[in-house]
>>> print(open('query39.cif').read())   # mmCIF, C-alpha atoms
data_model
#
loop_
_atom_site.label_atom_id
_atom_site.label_comp_id
_atom_site.auth_asym_id
_atom_site.auth_seq_id
_atom_site.Cartn_x
_atom_site.Cartn_y
_atom_site.Cartn_z
CA MET W 925 -46.87 46.80 19.91
CA GLU W 926 -48.36 43.32 20.19
CA GLU W 927 -51.89 44.67 19.88
CA LYS W 928 -51.02 46.73 16.82
CA LEU W 929 -49.46 43.67 15.23
CA VAL W 930 -52.54 41.57 15.95
CA GLN W 931 -54.79 44.26 14.45
CA SER W 932 -52.76 44.47 11.27
CA LEU W 933 -53.02 40.70 10.84
CA LYS W 934 -56.80 40.55 11.27
CA SER W 935 -57.85 40.59 7.61
CA PHE W 936 -55.18 38.02 6.70
CA ASP W 937 -56.22 35.86 9.64
CA TYR W 938 -59.84 35.97 8.52
CA ARG W 939 -58.91 34.77 5.04
CA GLN W 940 -56.69 32.06 6.51
CA ASN W 941 -59.44 30.74 8.77
CA ARG W 942 -62.17 30.97 6.16
CA TYR W 943 -60.41 30.10 2.90
CA LYS W 944 -57.16 28.47 4.15
CA ILE W 945 -55.05 31.12 2.43
CA ASP W 946 -51.75 31.04 4.32
CA TYR W 947 -49.52 34.05 4.82
CA SER W 948 -46.14 34.78 6.37
CA VAL W 949 -45.22 37.51 8.80
CA ALA W 950 -41.77 39.00 9.20
CA ILE W 951 -41.02 41.42 12.02
CA TRP W 952 -37.92 43.57 11.71
CA HIS W 953 -36.00 45.48 14.32
CA SER W 954 -33.43 48.04 13.38
CA PRO W 955 -31.35 49.61 16.19
CA LYS W 956 -31.11 52.73 14.03
CA GLU W 957 -34.16 54.64 12.87
CA ILE W 958 -34.62 53.75 9.23
CA ASP W 959 -37.50 54.35 6.89
CA PHE W 960 -38.68 51.00 5.61
CA HIS W 961 -41.35 52.70 3.51
CA ILE W 962 -38.67 53.40 0.91
CA LEU W 963 -38.90 49.67 0.22
CA SER W 964 -42.68 49.52 -0.01
CA ASN W 965 -42.48 49.21 -3.80
CA ARG W 966 -40.44 46.03 -3.34
CA ILE W 967 -43.37 44.03 -2.02
CA ARG W 968 -46.45 42.85 -3.89
CA SER W 969 -49.70 44.84 -3.93
CA SER W 970 -51.41 42.29 -1.72
CA ASP W 971 -48.61 42.28 0.87
CA ARG W 972 -48.66 44.81 3.67
CA LEU W 973 -45.96 46.88 5.29
CA VAL W 974 -46.79 48.16 8.77
CA SER W 975 -44.71 50.39 10.96
CA LEU W 976 -45.06 49.46 14.67
CA ASP W 977 -42.73 52.21 15.84
CA ASN W 978 -39.56 53.87 14.58
CA HIS W 979 -37.53 50.71 15.09
CA HIS W 980 -40.01 47.93 14.38
CA TYR W 981 -41.63 47.09 11.08
CA VAL W 982 -43.79 44.23 9.96
CA ILE W 983 -44.29 42.82 6.49
CA ILE W 984 -47.15 40.45 5.85
CA PHE W 985 -46.55 38.32 2.78
CA ASP W 986 -49.92 37.29 1.39
CA TYR W 987 -50.55 33.82 -0.05
CA THR W 988 -47.24 32.26 1.00
CA SER W 989 -46.39 28.86 2.47
CA ALA W 990 -43.64 28.54 5.10
CA GLU W 991 -41.16 27.92 2.29
CA SER W 992 -42.26 30.69 -0.07
CA GLY W 993 -42.46 33.04 2.92
CA ILE W 994 -38.77 32.47 3.67
CA GLN W 995 -38.00 33.03 0.00
CA ALA W 996 -39.95 36.30 0.06
CA VAL W 997 -38.03 37.40 3.16
CA ASN W 998 -34.72 36.59 1.49
CA ASN W 999 -35.73 38.54 -1.58
CA PHE W 1000 -36.68 41.47 0.61
CA LEU W 1001 -33.33 41.27 2.43
CA GLU W 1002 -31.58 41.61 -0.91
CA HIS W 1003 -33.43 44.88 -1.49
CA TYR W 1004 -32.66 45.96 2.06
CA LYS W 1005 -28.97 45.26 1.45
CA SER W 1006 -28.84 47.37 -1.67
CA THR W 1007 -30.73 50.25 -0.01
CA PHE W 1008 -29.42 50.44 3.53
CA LEU W 1009 -25.98 48.88 2.91
CA SER W 1010 -24.49 47.74 6.20
CA GLU W 1011 -27.21 48.81 8.65
CA PRO W 1012 -27.72 45.85 11.02
CA LEU W 1013 -31.12 44.27 11.22
CA PHE W 1014 -32.83 41.71 13.47
CA TYR W 1015 -35.84 39.79 12.31
CA SER W 1016 -38.04 36.78 12.87
CA VAL W 1017 -40.45 35.05 10.52
CA ALA W 1018 -43.55 32.92 11.00
CA ASN W 1019 -46.12 31.33 8.74
CA SER W 1020 -49.81 31.07 9.58
CA SER W 1021 -49.86 27.32 8.83
CA GLN W 1022 -47.58 26.70 11.81
CA PHE W 1023 -49.95 28.17 14.40
CA GLU W 1024 -53.50 27.59 15.47
CA SER W 1025 -54.27 31.29 15.83
CA ILE W 1026 -52.66 34.72 15.64
CA HIS W 1027 -52.80 34.83 19.42
CA MET W 1028 -50.26 32.03 19.45
CA MET W 1029 -48.27 33.26 16.47
CA VAL W 1030 -47.69 36.85 17.55
CA PRO W 1031 -46.13 36.14 20.99
CA GLU W 1032 -43.90 33.50 19.41
CA LEU W 1033 -42.83 35.91 16.70
CA LEU W 1034 -41.94 38.58 19.26
CA LEU W 1035 -40.17 36.04 21.46
CA GLN W 1036 -38.03 34.89 18.54
CA LEU W 1037 -37.21 38.47 17.69
CA ASN W 1038 -36.15 39.20 21.27
CA GLN W 1039 -33.98 36.10 21.26
CA THR W 1040 -32.18 37.17 18.08
CA ILE W 1041 -31.59 40.59 19.66
CA GLU W 1042 -30.33 39.09 22.95
CA ASN W 1043 -28.06 36.68 21.10
CA ASN W 1044 -26.96 39.42 18.76
CA GLN W 1045 -27.90 37.29 15.74
CA MET W 1046 -28.23 40.21 13.40
CA PHE W 1047 -28.47 40.19 9.68
CA ILE W 1048 -25.39 41.95 8.42
CA CYS W 1049 -25.44 42.59 4.76
CA ASP W 1050 -21.80 41.68 4.22
CA GLU W 1051 -22.51 38.16 5.35
CA LEU W 1052 -24.98 37.46 2.60
CA MET P 601 -83.18 53.36 -14.27
CA ILE P 602 -81.95 52.43 -17.74
CA ASN P 603 -81.55 56.13 -18.48
CA THR P 604 -79.69 56.78 -15.23
CA LEU P 605 -77.53 53.75 -15.87
CA ASN P 606 -76.64 54.97 -19.34
CA GLN P 607 -75.94 58.50 -18.13
CA LYS P 608 -73.83 57.54 -15.13
CA ARG P 609 -72.40 54.28 -16.40
CA GLN P 610 -68.90 55.64 -16.92
CA ILE P 611 -68.74 57.07 -13.40
CA PHE P 612 -70.08 53.86 -11.86
CA GLN P 613 -67.70 51.75 -13.94
CA LYS P 614 -64.73 53.83 -12.90
CA GLN P 615 -65.69 53.56 -9.23
CA LEU P 616 -66.21 49.81 -9.47
CA LEU P 617 -62.94 49.22 -11.33
CA HIS P 618 -61.11 51.09 -8.60
CA GLU P 619 -62.73 49.02 -5.85
CA ILE P 620 -62.08 45.62 -7.46
CA GLN P 621 -58.35 46.29 -7.97
CA GLU P 622 -57.33 44.38 -4.85
CA TYR P 623 -59.51 41.37 -5.73
CA HIS P 624 -58.40 41.34 -9.33
CA TYR P 625 -54.75 41.49 -8.33
CA ARG P 626 -55.24 38.37 -6.18
CA PHE P 627 -57.12 36.71 -9.01
CA ILE P 628 -54.34 37.31 -11.55
CA ARG P 629 -51.46 36.58 -9.18
CA TYR P 630 -52.84 33.75 -7.02
CA GLN P 631 -55.86 32.58 -9.04
CA ILE P 632 -58.25 33.44 -6.18
CA ASP P 633 -61.65 33.79 -7.86
CA TYR P 634 -64.19 36.43 -7.03
CA SER P 635 -67.66 37.43 -8.21
CA ILE P 636 -69.34 40.78 -8.63
CA VAL P 637 -73.06 41.18 -8.06
CA PHE P 638 -75.27 44.16 -8.82
CA ALA P 639 -78.35 44.70 -6.68
CA TYR P 640 -80.90 47.30 -7.71
CA ILE P 641 -84.39 48.18 -6.50
CA SER P 642 -86.39 50.09 -9.08
CA GLU P 643 -88.23 52.16 -6.46
CA GLU P 644 -86.14 55.15 -5.44
CA ASP P 645 -87.04 54.79 -1.75
CA GLY P 646 -85.56 51.29 -1.73
CA ASP P 647 -82.63 51.04 0.67
CA LEU P 648 -80.10 48.27 0.16
CA SER P 649 -77.96 49.09 3.20
CA THR P 650 -79.27 45.95 4.89
CA CYS P 651 -77.16 43.90 2.42
CA SER P 652 -74.03 44.77 4.36
CA CYS P 653 -75.32 42.66 7.28
CA HIS P 654 -75.29 39.52 5.14
CA ILE P 655 -71.83 39.52 3.62
CA ARG P 656 -68.56 38.09 4.88
CA GLU P 657 -65.70 40.18 6.29
CA SER P 658 -63.61 39.77 3.17
CA ASP P 659 -66.47 40.69 0.83
CA MET P 660 -67.15 44.28 -0.11
CA ILE P 661 -70.18 46.42 -0.80
CA ILE P 662 -70.07 49.56 -2.93
CA PHE P 663 -73.03 51.90 -3.01
CA PHE P 664 -73.65 53.86 -6.20
CA GLN P 665 -77.03 55.02 -4.90
CA THR P 666 -79.10 53.91 -1.89
CA ASN P 667 -81.11 51.64 -4.19
CA PHE P 668 -78.18 50.45 -6.31
CA CYS P 669 -75.04 48.71 -5.12
CA ALA P 670 -72.31 46.28 -6.14
CA LEU P 671 -71.17 43.42 -3.96
CA ILE P 672 -67.86 41.64 -4.34
CA PHE P 673 -67.82 38.05 -3.14
CA ASP P 674 -64.28 37.05 -2.33
CA ASN P 675 -62.91 33.59 -3.11
CA THR P 676 -65.95 32.35 -5.01
CA ASN P 677 -66.04 30.47 -8.29
CA GLU P 678 -69.01 30.81 -10.65
CA GLU P 679 -71.14 28.28 -8.80
CA GLN P 680 -70.33 29.59 -5.33
CA GLY P 681 -70.90 33.17 -6.47
CA ILE P 682 -74.39 32.35 -7.77
CA LYS P 683 -75.13 30.47 -4.54
CA ALA P 684 -73.96 33.41 -2.42
CA ALA P 685 -76.07 35.82 -4.50
CA ASN P 686 -79.13 33.59 -4.15
CA ASN P 687 -78.57 33.34 -0.40
CA LEU P 688 -78.46 37.11 -0.22
CA LEU P 689 -81.57 37.41 -2.38
CA SER P 690 -83.51 35.05 -0.12
CA ARG P 691 -82.47 37.05 2.94
CA ILE P 692 -83.44 40.46 1.62
CA GLN P 693 -86.36 39.46 -0.60
CA ASN P 694 -89.01 39.60 2.12
CA ARG P 695 -88.03 43.12 3.01
CA PHE P 696 -88.63 44.27 -0.57
CA PHE P 697 -91.67 42.10 -1.18
CA ALA P 698 -93.70 44.74 -3.02
CA LYS P 699 -90.70 46.16 -4.86
CA HIS P 700 -88.77 45.12 -7.94
CA LEU P 701 -85.37 43.80 -6.94
CA TYR P 702 -82.90 43.09 -9.73
CA MET P 703 -79.71 41.10 -9.23
CA THR P 704 -77.04 40.24 -11.78
CA ILE P 705 -73.75 38.41 -11.35
CA ILE P 706 -70.45 37.87 -13.11
CA ASN P 707 -67.41 35.82 -12.13
CA ALA P 708 -63.76 36.62 -12.84
CA THR P 709 -62.35 34.52 -15.65
CA THR P 710 -58.96 34.39 -17.28
CA GLU P 711 -60.51 34.97 -20.71
CA GLN P 712 -61.76 38.42 -19.73
CA SER P 713 -60.05 41.54 -18.49
CA GLU P 714 -61.54 43.32 -15.49
CA PHE P 715 -62.71 46.10 -17.85
CA GLN P 716 -64.63 43.61 -19.98
CA MET P 717 -66.02 41.96 -16.87
CA VAL P 718 -67.40 45.21 -15.46
CA HIS P 719 -68.69 46.23 -18.89
CA ASP P 720 -70.53 42.90 -19.27
CA LEU P 721 -72.04 43.19 -15.81
CA PHE P 722 -73.55 46.57 -16.69
CA ASP P 723 -74.90 45.07 -19.92
CA LEU P 724 -76.38 42.22 -17.93
CA LEU P 725 -78.19 44.63 -15.61
CA THR P 726 -79.51 46.59 -18.58
CA PHE P 727 -80.78 43.33 -20.06
CA ALA P 728 -82.45 42.31 -16.80
CA LEU P 729 -84.15 45.71 -16.55
CA GLU P 730 -85.31 45.68 -20.16
CA HIS P 731 -86.78 42.21 -19.78
CA ARG P 732 -88.12 42.81 -16.26
CA MET P 733 -86.18 39.87 -14.83
CA ASP P 734 -86.70 40.85 -11.21
CA ASN P 735 -86.46 38.83 -8.01
CA LEU P 736 -83.95 36.39 -9.41
CA VAL P 737 -80.19 36.30 -9.87
CA VAL P 738 -79.39 36.80 -13.55
CA ASP P 739 -76.10 35.47 -14.91
CA SER P 740 -74.80 35.37 -18.48
CA SER P 741 -75.93 31.75 -19.01
CA GLN P 742 -79.55 32.93 -18.82
CA ILE P 743 -79.16 35.16 -21.84
CA ILE P 744 -80.01 33.77 -25.23
CA LEU P 745 -78.24 35.63 -27.99
CA ASN P 746 -79.95 35.92 -31.36
#
>>> encode(input="query39.cif", output="structure tokens")
Amino acid sequence: MEEKLVQSLKSFDYRQNRYKIDYSVAIWHSPKEIDFHILSNRIRSSDRLVSLDNHHYVIIFDYTSAESGIQAVNNFLEHYKSTFLSEPLFYSVANSSQFESIHMMVPELLLQLNQTIENNQMFICDEL
Amino acid sequence: MINTLNQKRQIFQKQLLHEIQEYHYRFIRYQIDYSIVFAYISEEDGDLSTCSCHIRESDMIIFFQTNFCALIFDNTNEEQGIKAANNLLSRIQNRFFAKHLYMTIINATTEQSEFQMVHDLFDLLTFALEHRMDNLVVDSSQIILN
């Protein structure tokens, strides 16, 4: 899963290193199998939705700072809420500006996700 | 070539417009500039595939024919685009020493749609061919309108 995530970030990482164009990555875990692709029209053309397996999805938000990345995630959660209603969801978010390389960002992102799962800090739509 | 260009222009334009979509989206939404360059060798046995060795990962090369291609230079303003095209020309020039290599360039601007941009680039290449402006990078500032 980690390798697939790194591969999907490669083109964004290149642009970040070469042109300093930051991006945000959100990784989502759903205990139930859900099809995130239904929501693919809710992201911008330059963003990317990647399915890691049936329970893990990644969205890469192009050209976002740490702040605008969080805003994009919140916007996406609103769409998730209206589509999947009360299906629980775990997620973690990172921005490329906060890490020296994707090889530092990806493990941290997965670690954060595991921590939210272990601590049962799920996003429940009713709480929004 | 001018005849081929006129005959196949619509097909080439359609192909190019499709390929620049991603770059143009970023330009409109995030103001990330890009440039498009045409490279053409008048001799039919000319092979421009070597160009792909001299571009960056985020750039793109589109082959219309083996001796005619378009290059998209990501994140370049007008000046940087011309510089990148000249760098490319200097790298491939020796290889095509005895041939006629034509290069034209256009940069994305807010005043022009992508359709107009592609249209103008084809006009620029036609102009360069008509006036035999080979072995240099031709941009719109080099054209004197009557």
>>> resolve_selection(input="query39.cif", expression="the PyMOL selection byres ((chain P) within 8 of (chain W))", output="MDAnalysis selection string")
chainID P and resid 622 625:626 630 657:658 675
>>> resolve_selection(input="query39.cif", expression="the PyMOL selection byres ((chain P and resi 628) around 12)", output="ChimeraX atom specification")
/W:969-970 /P:621-627,629-634,708-714
>>> residues_around(input="query39.cif", residues="Gln610 (chain P)", least_positions_apart="3", cutoff="12 Å", atoms="all atoms listed in the file", output="PyMOL selection string")
chain P and resi 604-607+613-617+664+715+718-719+722
>>> resolve_selection(input="query39.cif", expression="the PyMOL selection byres ((chain W and resi 964) around 12)", output="number ranges by chain")
W: 959-963, 965-975, 981-984, 1000, 1003-1004, 1007
>>> residues_near_point(input="query39.cif", point="(-83.9, 45.6, 4.2)", cutoff="8 Å", atoms="only C-alpha atoms", output="list of chain:residue names")
P:Asp647, P:Leu648, P:Ser649, P:Thr650, P:Cys651, P:Ile692, P:Arg695, P:Phe696
>>> atom_distance(input="query39.cif", atom1="CA of Gln680 (chain P)", atom2="CA of His654 (chain P)")
15.3 Å
>>> atom_distance(input="query39.cif", atom1="CA of Asn687 (chain P)", atom2="CA of His700 (chain P)")
17.3 Å
